[in-house]
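The file target15.pdb comes next; it holds PDB, C-alpha atoms.
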MODEL        1
ATOM      1  CA  MET A   1       0.000   0.000   0.000
ATOM      2  CA  ALA A   2       1.310   3.479  -0.910
ATOM      3  CA  ARG A   3       2.566   5.207   2.238
ATOM      4  CA  ASN A   4       4.296   8.286   0.885
ATOM      5  CA  LEU A   5       3.590  11.712  -0.576
ATOM      6  CA  ILE A   6       5.394  14.242  -2.741
ATOM      7  CA  GLY A   7       5.463  17.887  -1.639
ATOM      8  CA  ILE A   8       6.497  20.773  -3.908
ATOM      9  CA  ASP A   9       7.042  24.383  -2.795
ATOM     10  CA  LEU A  10       7.306  26.513  -5.938
ATOM     11  CA  GLY A  11       9.090  29.817  -5.301
ATOM     12  CA  GLY A  12      10.279  32.639  -7.514
ATOM     13  CA  THR A  13      13.961  31.650  -7.287
ATOM     14  CA  THR A  14      13.949  28.073  -5.951
ATOM     15  CA  THR A  15      11.597  25.106  -6.169
ATOM     16  CA  LYS A  16      11.824  22.861  -3.106
ATOM     17  CA  MET A  17      10.680  19.243  -3.331
ATOM     18  CA  ALA A  18      10.465  16.330  -0.916
ATOM     19  CA  PHE A  19       9.323  12.754  -0.481
ATOM     20  CA  ILE A  20       7.358  12.663   2.759
ATOM     21  CA  SER A  21       5.698   9.825   4.670
ATOM     22  CA  VAL A  22       1.970   9.916   5.452
ATOM     23  CA  ASP A  23       3.043  10.641   9.041
ATOM     24  CA  GLY A  24       4.722  13.885   7.929
ATOM     25  CA  GLU A  25       8.341  12.703   8.119
ATOM     26  CA  ILE A  26      10.653  14.056   5.413
ATOM     27  CA  LEU A  27      12.309  11.054   3.743
ATOM     28  CA  THR A  28      14.402  13.026   1.275
ATOM     29  CA  LYS A  29      14.379  16.602   0.026
ATOM     30  CA  TRP A  30      16.056  18.572  -2.713
ATOM     31  CA  SER A  31      15.653  21.784  -4.692
ATOM     32  CA  ILE A  32      16.149  23.112  -8.201
ATOM     33  CA  PRO A  33      16.409  26.694  -9.504
ATOM     34  CA  THR A  34      13.100  28.106 -10.761
ATOM     35  CA  ASP A  35      13.649  29.003 -14.410
ATOM     36  CA  THR A  36      11.345  31.971 -15.011
ATOM     37  CA  SER A  37      12.716  32.732 -18.491
ATOM     38  CA  ASP A  38      10.401  32.661 -21.523
ATOM     39  CA  ASP A  39       7.364  33.611 -19.412
ATOM     40  CA  GLY A  40       7.987  30.681 -17.075
ATOM     41  CA  LYS A  41       7.317  28.012 -19.686
ATOM     42  CA  HIS A  42      10.170  25.783 -18.408
ATOM     43  CA  ILE A  43       8.944  25.647 -14.788
ATOM     44  CA  VAL A  44       6.475  22.767 -15.008
ATOM     45  CA  PRO A  45       8.598  20.610 -17.368
ATOM     46  CA  ASN A  46      11.582  21.056 -15.012
ATOM     47  CA  ILE A  47       9.484  19.956 -12.022
ATOM     48  CA  ILE A  48       8.249  16.879 -13.900
ATOM     49  CA  LYS A  49      11.783  15.991 -14.974
ATOM     50  CA  SER A  50      13.197  16.410 -11.451
ATOM     51  CA  VAL A  51      10.485  14.426  -9.649
ATOM     52  CA  SER A  52      10.669  11.646 -12.237
ATOM     53  CA  ALA A  53      14.465  11.449 -11.936
ATOM     54  CA  HIS A  54      14.325  11.273  -8.125
ATOM     55  CA  ILE A  55      11.746   8.493  -8.176
ATOM     56  CA  THR A  56      13.886   6.553 -10.642
ATOM     57  CA  SER A  57      17.113   6.998  -8.650
ATOM     58  CA  SER A  58      15.520   6.291  -5.243
ATOM     59  CA  GLU A  59      14.441   3.116  -3.509
ATOM     60  CA  PHE A  60      10.816   4.015  -4.296
ATOM     61  CA  SER A  61       8.585   3.321  -7.263
ATOM     62  CA  LYS A  62       5.607   5.354  -8.443
ATOM     63  CA  ALA A  63       3.307   2.865  -6.686
ATOM     64  CA  ASP A  64       4.774   3.944  -3.313
ATOM     65  CA  PHE A  65       3.202   7.424  -3.605
ATOM     66  CA  LEU A  66      -0.388   8.454  -2.924
ATOM     67  CA  GLY A  67      -0.141  11.779  -4.712
ATOM     68  CA  ILE A  68       1.545  15.144  -5.168
ATOM     69  CA  GLY A  69       0.738  18.502  -3.556
ATOM     70  CA  MET A  70       2.191  21.880  -4.534
ATOM     71  CA  GLY A  71       2.166  25.442  -3.191
ATOM     72  CA  VAL A  72       2.311  28.305  -5.712
ATOM     73  CA  PRO A  73       2.822  32.066  -5.149
ATOM     74  CA  GLY A  74      -0.332  33.289  -6.822
ATOM     75  CA  PRO A  75      -4.127  32.972  -6.985
ATOM     76  CA  ILE A  76      -5.418  29.485  -7.758
ATOM     77  CA  ASP A  77      -8.492  27.912  -9.335
ATOM     78  CA  ILE A  78      -8.309  24.945  -6.970
ATOM     79  CA  GLU A  79     -11.186  22.986  -8.463
ATOM     80  CA  ASN A  80      -9.579  22.908 -11.917
ATOM     81  CA  GLY A  81      -5.927  22.880 -10.822
ATOM     82  CA  ILE A  82      -5.116  26.130 -12.609
ATOM     83  CA  VAL A  83      -2.770  28.945 -11.553
ATOM     84  CA  LEU A  84      -4.570  32.122 -12.622
ATOM     85  CA  PHE A  85      -1.335  34.129 -12.744
ATOM     86  CA  ALA A  86       1.940  34.402 -10.826
ATOM     87  CA  VAL A  87       3.959  37.527 -11.602
ATOM     88  CA  ASN A  88       7.093  36.303  -9.772
ATOM     89  CA  LEU A  89       7.149  33.223 -12.006
ATOM     90  CA  GLY A  90       6.583  35.067 -15.273
ATOM     91  CA  TRP A  91       3.107  33.553 -15.538
ATOM     92  CA  LYS A  92       0.891  36.308 -16.890
ATOM     93  CA  GLN A  93      -1.669  33.871 -18.302
ATOM     94  CA  ARG A  94      -3.583  30.940 -16.780
ATOM     95  CA  GLN A  95      -1.454  27.823 -16.357
ATOM     96  CA  GLN A  96      -2.972  24.314 -16.548
ATOM     97  CA  VAL A  97      -0.523  22.993 -13.962
ATOM     98  CA  ARG A  98      -2.509  20.032 -12.607
ATOM     99  CA  ASP A  99      -3.259  18.484 -15.994
ATOM    100  CA  GLN A 100       0.368  18.725 -17.116
ATOM    101  CA  ILE A 101       1.892  17.203 -13.986
ATOM    102  CA  GLN A 102      -0.816  14.592 -13.394
ATOM    103  CA  GLU A 103      -0.595  13.358 -16.972
ATOM    104  CA  ALA A 104       3.200  13.239 -17.025
ATOM    105  CA  LEU A 105       3.744  11.564 -13.640
ATOM    106  CA  GLY A 106       0.581   9.483 -13.379
ATOM    107  CA  LEU A 107      -0.166  10.529  -9.799
ATOM    108  CA  PRO A 108      -3.081  12.543  -8.351
ATOM    109  CA  PHE A 109      -2.080  16.202  -8.063
ATOM    110  CA  VAL A 110      -3.507  19.101  -6.055
ATOM    111  CA  LEU A 111      -2.286  22.685  -5.611
ATOM    112  CA  ASP A 112      -3.008  25.744  -3.489
ATOM    113  CA  ASN A 113      -1.592  29.165  -2.681
ATOM    114  CA  ASP A 114       1.859  28.955  -1.043
ATOM    115  CA  ALA A 115       0.832  30.788   2.150
ATOM    116  CA  ASN A 116      -2.121  28.427   2.600
ATOM    117  CA  VAL A 117       0.184  25.476   2.045
ATOM    118  CA  ALA A 118       2.745  26.736   4.588
ATOM    119  CA  SER A 119      -0.070  27.176   7.101
ATOM    120  CA  LEU A 120      -1.073  23.545   6.561
ATOM    121  CA  GLY A 121       2.537  22.520   7.222
ATOM    122  CA  GLU A 122       2.667  24.324  10.565
ATOM    123  CA  TYR A 123      -0.818  23.035  11.408
ATOM    124  CA  TRP A 124       0.137  19.424  10.656
ATOM    125  CA  LYS A 125       3.668  19.109  12.038
ATOM    126  CA  GLY A 126       4.729  22.494  13.459
ATOM    127  CA  ALA A 127       3.643  25.150  15.935
ATOM    128  CA  GLY A 128      -0.076  24.546  15.348
ATOM    129  CA  GLU A 129       0.030  20.781  15.839
ATOM    130  CA  LYS A 130      -2.901  19.356  17.852
ATOM    131  CA  ASP A 131      -5.079  22.469  17.427
ATOM    132  CA  GLU A 132      -8.089  22.595  15.103
ATOM    133  CA  ASP A 133      -8.240  26.409  14.896
ATOM    134  CA  VAL A 134      -5.029  28.087  13.749
ATOM    135  CA  VAL A 135      -4.092  31.258  11.853
ATOM    136  CA  PHE A 136      -0.735  31.477  10.091
ATOM    137  CA  VAL A 137       0.917  34.725   9.012
ATOM    138  CA  THR A 138       4.137  34.741   7.022
ATOM    139  CA  LEU A 139       6.337  37.839   7.012
ATOM    140  CA  GLY A 140       8.635  37.651   4.008
ATOM    141  CA  THR A 141       9.070  39.841   0.946
ATOM    142  CA  GLY A 142       5.310  40.278   1.299
ATOM    143  CA  VAL A 143       2.859  39.213   3.989
ATOM    144  CA  GLY A 144       0.715  36.129   3.426
ATOM    145  CA  GLY A 145      -1.579  34.097   5.602
ATOM    146  CA  GLY A 146      -3.763  31.064   6.012
ATOM    147  CA  VAL A 147      -6.766  30.316   8.216
ATOM    148  CA  ILE A 148      -7.637  26.851   9.484
ATOM    149  CA  ALA A 149     -10.991  26.618  11.278
ATOM    150  CA  GLY A 150     -12.333  23.364  12.673
ATOM    151  CA  GLY A 151      -9.474  21.564  10.931
ATOM    152  CA  ARG A 152     -10.445  22.962   7.517
ATOM    153  CA  LEU A 153      -8.412  25.385   5.438
ATOM    154  CA  LEU A 154     -10.636  28.345   4.538
ATOM    155  CA  HIS A 155     -10.628  29.669   0.977
ATOM    156  CA  GLY A 156     -13.636  31.985   0.956
ATOM    157  CA  VAL A 157     -16.042  32.513  -1.924
ATOM    158  CA  ASN A 158     -13.320  33.675  -4.355
ATOM    159  CA  GLY A 159     -10.148  32.217  -2.817
ATOM    160  CA  GLY A 160      -9.360  35.393  -0.881
ATOM    161  CA  ALA A 161      -9.609  34.048   2.677
ATOM    162  CA  GLY A 162      -6.476  34.504   4.779
ATOM    163  CA  GLU A 163      -5.128  37.594   3.007
ATOM    164  CA  LEU A 164      -3.744  38.959   6.268
ATOM    165  CA  GLY A 165      -1.216  41.084   4.412
ATOM    166  CA  HIS A 166      -4.035  43.290   3.176
ATOM    167  CA  VAL A 167      -5.645  44.064   6.505
ATOM    168  CA  THR A 168      -5.617  47.884   6.690
ATOM    169  CA  VAL A 169      -3.494  49.071   9.611
ATOM    170  CA  GLN A 170      -2.923  52.696   8.574
ATOM    171  CA  PRO A 171      -5.783  54.444   6.726
ATOM    172  CA  ASN A 172      -4.396  56.397   3.739
ATOM    173  CA  GLY A 173      -0.968  54.913   4.482
ATOM    174  CA  TYR A 174       1.673  53.517   2.138
ATOM    175  CA  LEU A 175       0.406  52.493  -1.307
ATOM    176  CA  CYS A 176       0.322  48.709  -1.632
ATOM    177  CA  ASN A 177       0.921  46.616  -4.761
ATOM    178  CA  CYS A 178      -2.716  45.479  -4.451
ATOM    179  CA  GLY A 179      -3.848  49.037  -5.243
ATOM    180  CA  LYS A 180      -5.087  50.134  -1.842
ATOM    181  CA  ARG A 181      -3.325  51.988   0.951
ATOM    182  CA  GLY A 182      -2.173  51.137   4.452
ATOM    183  CA  CYS A 183      -1.956  47.344   4.127
ATOM    184  CA  LEU A 184      -0.066  45.393   6.795
ATOM    185  CA  GLU A 185       2.235  44.109   4.023
ATOM    186  CA  GLN A 186       3.626  47.618   3.565
ATOM    187  CA  TYR A 187       4.713  47.808   7.220
ATOM    188  CA  ALA A 188       5.530  44.302   8.488
ATOM    189  CA  SER A 189       7.114  42.593   5.458
ATOM    190  CA  ALA A 190      10.902  42.658   5.054
ATOM    191  CA  THR A 191      10.574  45.488   2.525
ATOM    192  CA  GLY A 192       7.955  47.225   4.670
ATOM    193  CA  VAL A 193      10.218  47.312   7.731
ATOM    194  CA  VAL A 194      12.938  48.943   5.603
ATOM    195  CA  HIS A 195      10.429  51.499   4.263
ATOM    196  CA  VAL A 196       9.290  52.404   7.789
ATOM    197  CA  ALA A 197      12.928  52.795   8.879
ATOM    198  CA  ALA A 198      13.766  55.105   5.962
ATOM    199  CA  ASP A 199      10.821  57.371   6.763
ATOM    200  CA  MET A 200      11.453  57.478  10.504
ATOM    201  CA  ALA A 201      15.151  58.212   9.977
ATOM    202  CA  LYS A 202      14.285  61.472   8.191
ATOM    203  CA  ASP A 203      12.821  62.960  11.379
ATOM    204  CA  PHE A 204      15.206  61.353  13.891
ATOM    205  CA  LEU A 205      17.605  63.802  15.572
ATOM    206  CA  GLY A 206      19.476  61.581  18.028
ATOM    207  CA  THR A 207      22.539  59.324  17.730
ATOM    208  CA  SER A 208      21.902  56.069  15.922
ATOM    209  CA  ARG A 209      23.843  53.654  13.738
ATOM    210  CA  LEU A 210      20.662  53.058  11.736
ATOM    211  CA  LYS A 211      20.337  56.821  11.182
ATOM    212  CA  GLU A 212      23.964  56.936   9.950
ATOM    213  CA  MET A 213      23.295  54.051   7.543
ATOM    214  CA  GLU A 214      20.202  55.754   6.152
ATOM    215  CA  ASP A 215      21.983  59.104   5.793
ATOM    216  CA  ASN A 216      24.937  57.439   4.030
ATOM    217  CA  GLN A 217      22.582  55.460   1.776
ATOM    218  CA  GLU A 218      24.049  52.159   2.973
ATOM    219  CA  ASN A 219      22.167  48.929   2.322
ATOM    220  CA  VAL A 220      19.659  48.533   5.157
ATOM    221  CA  THR A 221      17.809  45.221   5.642
ATOM    222  CA  SER A 222      15.080  44.211   8.057
ATOM    223  CA  LYS A 223      17.527  41.728   9.593
ATOM    224  CA  MET A 224      19.975  44.566  10.294
ATOM    225  CA  ILE A 225      17.224  46.717  11.841
ATOM    226  CA  PHE A 226      16.237  43.977  14.297
ATOM    227  CA  TYR A 227      19.923  43.299  15.063
ATOM    228  CA  LEU A 228      20.512  46.981  15.852
ATOM    229  CA  ALA A 229      17.363  47.086  17.985
ATOM    230  CA  ASP A 230      18.672  44.078  19.916
ATOM    231  CA  ASN A 231      21.864  46.012  20.535
ATOM    232  CA  GLY A 232      20.236  49.148  21.891
ATOM    233  CA  ASP A 233      19.988  51.395  18.822
ATOM    234  CA  ILE A 234      17.301  53.970  19.702
ATOM    235  CA  LEU A 235      15.978  54.542  16.179
ATOM    236  CA  ALA A 236      15.964  50.810  15.396
ATOM    237  CA  ASN A 237      13.946  50.198  18.549
ATOM    238  CA  GLN A 238      11.463  52.894  17.520
ATOM    239  CA  VAL A 239      11.104  51.250  14.099
ATOM    240  CA  VAL A 240      10.535  47.815  15.672
ATOM    241  CA  ASP A 241       7.996  49.352  18.044
ATOM    242  CA  ARG A 242       6.012  50.849  15.158
ATOM    243  CA  VAL A 243       6.168  47.685  13.030
ATOM    244  CA  THR A 244       5.080  45.442  15.913
ATOM    245  CA  PHE A 245       2.266  47.848  16.808
ATOM    246  CA  TYR A 246       0.812  47.432  13.314
ATOM    247  CA  LEU A 247       1.354  43.660  13.391
ATOM    248  CA  GLY A 248      -0.161  43.276  16.864
ATOM    249  CA  LEU A 249      -3.153  45.412  15.866
ATOM    250  CA  ALA A 250      -3.821  43.378  12.706
ATOM    251  CA  LEU A 251      -3.495  40.054  14.511
ATOM    252  CA  ALA A 252      -5.810  41.248  17.301
ATOM    253  CA  ASN A 253      -8.447  42.154  14.709
ATOM    254  CA  VAL A 254      -8.113  38.734  13.082
ATOM    255  CA  ALA A 255      -8.277  36.997  16.459
ATOM    256  CA  ASN A 256     -11.348  39.000  17.512
ATOM    257  CA  ILE A 257     -13.181  37.489  14.549
ATOM    258  CA  LEU A 258     -11.803  33.937  14.620
ATOM    259  CA  ASN A 259     -10.500  33.305  18.169
ATOM    260  CA  PRO A 260      -8.011  30.621  17.072
ATOM    261  CA  ALA A 261      -5.967  28.634  19.576
ATOM    262  CA  ASN A 262      -2.753  29.943  18.012
ATOM    263  CA  ILE A 263      -1.602  32.605  15.605
ATOM    264  CA  ILE A 264       1.680  31.376  14.157
ATOM    265  CA  ILE A 265       4.176  33.915  12.834
ATOM    266  CA  GLY A 266       6.590  32.647  10.176
ATOM    267  CA  GLY A 267       8.634  33.908   7.238
ATOM    268  CA  GLY A 268      12.084  35.492   7.182
ATOM    269  CA  VAL A 269      11.181  38.440   9.427
ATOM    270  CA  SER A 270      10.143  35.996  12.181
ATOM    271  CA  ASN A 271      13.811  34.999  12.519
ATOM    272  CA  ALA A 272      14.053  38.086  14.748
ATOM    273  CA  GLY A 273      12.529  35.832  17.409
ATOM    274  CA  ASN A 274      11.509  37.434  20.689
ATOM    275  CA  THR A 275      12.596  40.889  19.481
ATOM    276  CA  LEU A 276       9.586  40.627  17.177
ATOM    277  CA  LEU A 277       7.305  38.380  19.241
ATOM    278  CA  GLN A 278       7.339  40.140  22.613
ATOM    279  CA  PRO A 279       6.256  43.650  21.525
ATOM    280  CA  THR A 280       3.828  42.165  18.980
ATOM    281  CA  THR A 281       2.238  40.132  21.784
ATOM    282  CA  ARG A 282       1.983  43.243  23.968
ATOM    283  CA  TYR A 283       0.156  45.206  21.261
ATOM    284  CA  PHE A 284      -1.962  42.170  20.429
ATOM    285  CA  GLN A 285      -3.102  41.927  24.028
ATOM    286  CA  GLU A 286      -3.872  45.661  24.180
ATOM    287  CA  ASN A 287      -6.152  45.399  21.144
ATOM    288  CA  ALA A 288      -7.758  41.980  21.602
ATOM    289  CA  PHE A 289     -11.184  41.399  23.166
ATOM    290  CA  PRO A 290     -10.580  40.069  26.732
ATOM    291  CA  ALA A 291     -11.923  36.558  26.089
ATOM    292  CA  VAL A 292      -9.770  36.356  22.941
ATOM    293  CA  ARG A 293      -6.717  37.847  24.634
ATOM    294  CA  ASP A 294      -6.877  35.171  27.328
ATOM    295  CA  SER A 295      -7.243  32.218  24.956
ATOM    296  CA  THR A 296      -5.439  32.979  21.673
ATOM    297  CA  LYS A 297      -1.639  32.717  21.804
ATOM    298  CA  LEU A 298       0.973  34.122  19.434
ATOM    299  CA  ARG A 299       3.732  31.658  18.562
ATOM    300  CA  LEU A 300       6.727  31.567  16.253
ATOM    301  CA  ALA A 301       6.696  29.051  13.398
ATOM    302  CA  GLN A 302       8.795  25.917  13.878
ATOM    303  CA  LEU A 303       9.305  24.353  10.447
ATOM    304  CA  GLY A 304      11.285  27.100   8.710
ATOM    305  CA  ASN A 305      11.839  26.389   5.016
ATOM    306  CA  ASP A 306      10.274  22.928   5.327
ATOM    307  CA  ALA A 307       6.766  24.294   6.020
ATOM    308  CA  GLY A 308       5.971  24.547   2.303
ATOM    309  CA  VAL A 309       6.868  20.994   1.264
ATOM    310  CA  ILE A 310       5.307  19.465   4.391
ATOM    311  CA  GLY A 311       2.125  21.480   3.875
ATOM    312  CA  ALA A 312       2.027  20.550   0.189
ATOM    313  CA  ALA A 313       2.314  16.870   1.101
ATOM    314  CA  SER A 314      -0.527  17.246   3.608
ATOM    315  CA  LEU A 315      -2.586  18.810   0.809
ATOM    316  CA  ALA A 316      -2.153  15.609  -1.200
ATOM    317  CA  LEU A 317      -3.061  13.499   1.834
ATOM    318  CA  ARG A 318      -6.207  15.527   2.515
ATOM    319  CA  PHE A 319      -7.183  15.198  -1.137
ATOM    320  CA  GLN A 320      -6.883  11.413  -0.928
ATOM    321  CA  LYS A 321      -9.023  11.260   2.210
ATOM    322  CA  THR A 322     -11.839  13.283   0.639
ATOM    323  CA  ASN A 323     -11.896  11.456  -2.709
TER     324      ASN A 323
ENDMDL
END
Target format structure tokens, applied to this file:
Amino acid sequence: MARNLIGIDLGGTTTKMAFISVDGEILTKWSIPTDTSDDGKHIVPNIIKSVSAHITSSEFSKADFLGIGMGVPGPIDIENGIVLFAVNLGWKQRQQVRDQIQEALGLPFVLDNDANVASLGEYWKGAGEKDEDVVFVTLGTGVGGGVIAGGRLLHGVNGGAGELGHVTVQPNGYLCNCGKRGCLEQYASATGVVHVAADMAKDFLGTSRLKEMEDNQENVTSKMIFYLADNGDILANQVVDRVTFYLGLALANVANILNPANIIIGGGVSNAGNTLLQPTTRYFQENAFPAVRDSTKLRLAQLGNDAGVIGAASLALRFQKTN
């Protein structure tokens, strides 16, 4: 009986893949560069070629796998297995991903948005394990999210459920790529943190290494800002305070509606650890309804870069159980 799954995490620069047991254990993992040239037309053939080669060279056969799941950075027509578009991949038109991969590899295939898939990973084997109600927010180049309620991943009527990055935290604030203003993504993503720092540095009059870097037009990253805050830089601490205020406010609003057991914070910015988590939790508690404040906990993600492939594998497992 087939006891394994294939998980694929398709990113703009790298595609991560793994063979994973039905218990969520990674058996082997690897990655290939994502070739976005020629409007991304090589992406799916390269995935097919790589998965096929790894099955052939491994101790497994195709019969050992139940199916394949994949996370994609873009909006999805889940029912038909189509990626509507994915700018970071060069996909400006609809892509019939499921039909191509299913036909070539002969295994059931299911896909979803990458943030949803990462949330499933943390729900299944990470910080949300054992809870049926979990919200996941990922702070990377952008801000994504996923909502699991009663053990079910929510998609909403048009696939827009879990778009935590577009919760408005500052009316008439920074213009977002989505077309509206003041989205959380523009303040709490890696690029958002840098934007906030640049603006706050203009009005800062004290002594600060971050201020010097901004004035000298040095390369400032969100990682550097959190590092400087950790080491007592006044401006950096003010930036972190503002960013975590917006994040705590947004998460409190989400929790007031959903009251999940956990809100899990992942993505590259979450590597700041307690420097991010502690002030975010303080602002969350200030803005959450008392019953929510006392029951919903903020936690850091545990799976790191493996969340995507593990979540994708769980997608395939869920698909098998419902079909």
Can you list every residue of stretch 292-317 of chain A that has an atom at most 7 Å from stretch 103-125 of chain A, with its nearest atom pair and the distance in Å to one decimal, using all atoms listed in the file, ordered by chain then number, as CSV?
residue,atom,partner,partner_atom,distance
A:Ala301,CA,A:Glu122,CA,6.8
A:Leu303,CA,A:Glu122,CA,6.6
A:Ala307,CA,A:Gly121,CA,4.7
A:Gly308,CA,A:Ala118,CA,4.5
A:Ile310,CA,A:Gly121,CA,5.0
A:Gly311,CA,A:Gly121,CA,3.5
A:Ala312,CA,A:Val117,CA,5.6
A:Ser314,CA,A:Leu120,CA,7.0
A:Leu315,CA,A:Val110,CA,6.9
A:Ala316,CA,A:Val110,CA,6.1
Worksheet item: What does the PyMOL selection byres ((chain A and resi 226) around 9) select in this file, as number ranges by chain?
Response: A: 221-225, 227-231, 236-237, 239-240, 269, 272, 275-276
Discussion item. Here's the selection I'm unsure about, the PyMOL selection byres ((chain A and resi 176) around 12); applied to the file above, which residues does it give, as a list in words?
Written reply: Gly142, Val143, Gly165, His166, Val167, Thr168, Val169, Gln170, Pro171, Asn172, Gly173, Tyr174, Leu175, Asn177, Cys178, Gly179, Lys180, Arg181, Gly182, Cys183, Leu184, Glu185, Gln186, Tyr187, Ser189, Thr191 and Gly192 of chain A
Fill in: Atomic distance atom CA of A:Gly146 - atom CA of A:Glu163, expressed in Å with one decimal
7.3 Å
Worksheet item: What is the distance between atom CA of A:Val87 and atom CA of A:Gly74, in Å to one decimal?
Response: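 Going from atom CA of A:Val87 over to atom CA of A:Gly74 covers 7.7 Å.
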Worksheet entry | Chain and number of each residue from the PyMOL selection byres ((chain A and resi 162) around 8), as a ChimeraX atom specification | /A:116,144-147,154-155,160-161,163-164
Would you kindly return, as a tab-separated table (two decimals) with C-alpha atoms, in the coordinates of the input, each protein, DNA or RNA residue with an atom no farther than 12 Å from any atom of A:Gly206, considering all atoms listed in the file and excluding same-chain residues fewer than 6 positions away?
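Output (out.tsv):
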chain	number	residue	atom	x	y	z
A	200	MET	CA	11.45	57.48	10.50
A	212	GLU	CA	23.96	56.94	9.95
A	233	ASP	CA	19.99	51.40	18.82
A	234	ILE	CA	17.30	53.97	19.70
A	235	LEU	CA	15.98	54.54	16.18
A	236	ALA	CA	15.96	50.81	15.40
A	238	GLN	CA	11.46	52.89	17.52
Worksheet item: Between A:Lys62, A:Lys41, A:Asp131, A:Glu79, which has the minimum distance to A:Gln100 (counting only C-alpha atoms)?
Response: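 Once distances to A:Gln100 are computed over only C-alpha atoms, the minimum belongs to A:Lys41.
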Write out as a PDB file with C-alpha atoms, in the coordinates of the input which residues come within 7 Å of A:Gly7 when counting all atoms listed in the file, dropping same-chain ones fewer than 6 positions away.
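Written output follows (selection.pdb):
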ATOM      1  CA  MET A  17      10.680  19.243  -3.331  1.00  0.00           C
ATOM      2  CA  ALA A  18      10.465  16.330  -0.916  1.00  0.00           C
ATOM      3  CA  PHE A  19       9.323  12.754  -0.481  1.00  0.00           C
ATOM      4  CA  ILE A  68       1.545  15.144  -5.168  1.00  0.00           C
ATOM      5  CA  GLY A  69       0.738  18.502  -3.556  1.00  0.00           C
ATOM      6  CA  MET A  70       2.191  21.880  -4.534  1.00  0.00           C
ATOM      7  CA  VAL A 309       6.868  20.994   1.264  1.00  0.00           C
ATOM      8  CA  ILE A 310       5.307  19.465   4.391  1.00  0.00           C
ATOM      9  CA  ALA A 312       2.027  20.550   0.189  1.00  0.00           C
ATOM     10  CA  ALA A 313       2.314  16.870   1.101  1.00  0.00           C
TER      11      ALA A 313
END
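Considering the residues A:Ala86, A:Ile101, A:Ala53, A:Leu247 and counting only C-alpha atoms, A:Ile8 has its shortest atom-to-atom contact with A:Ile101.
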Worksheet item: So which one's closest to A:Trp30, A:Asp294, A:Asp203, A:Asp9, A:Glu286? Using all atoms listed in the file, please.
Response: A:Asp9
Item to complete: Have a look at atom CA of A:Glu214 and atom CA of A:His195 and let me know their distance in Å, one decimal.
Response: 10.8 Å
The centre and edge lengths of an axis-aligned box containing all atoms of stretch 73-82 of chain A present in the file, extended by 5 Å on each side, are to be given in Å to one decimal, as lines of an AutoDock Vina configuration file.
center_x = -4.2
center_y = 28.1
center_z = -8.9
size_x = 24.0
size_y = 20.4
size_z = 17.5
Practice prompt. Determine the nearest neighbour of A:Gln278 from the options A:Thr244, A:Gln102, A:Asn262, A:Ser295, counting all atoms listed in the file.
Written response: A:Thr244
Worksheet entry | Counting all atoms listed in the file, the option among A:Ile76, A:Leu205, A:Leu84, A:Val193 closest to A:Gly159 |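 Among the listed residues, A:Ile76 lies closest to A:Gly159.
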Discussion item. Counting only C-alpha atoms, which residue out of A:Lys211, A:Arg293, A:Lys92, A:Arg98 sits closest to A:Pro260?
Written reply: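 Using only C-alpha atoms, the shortest distance to A:Pro260 belongs to A:Arg293.
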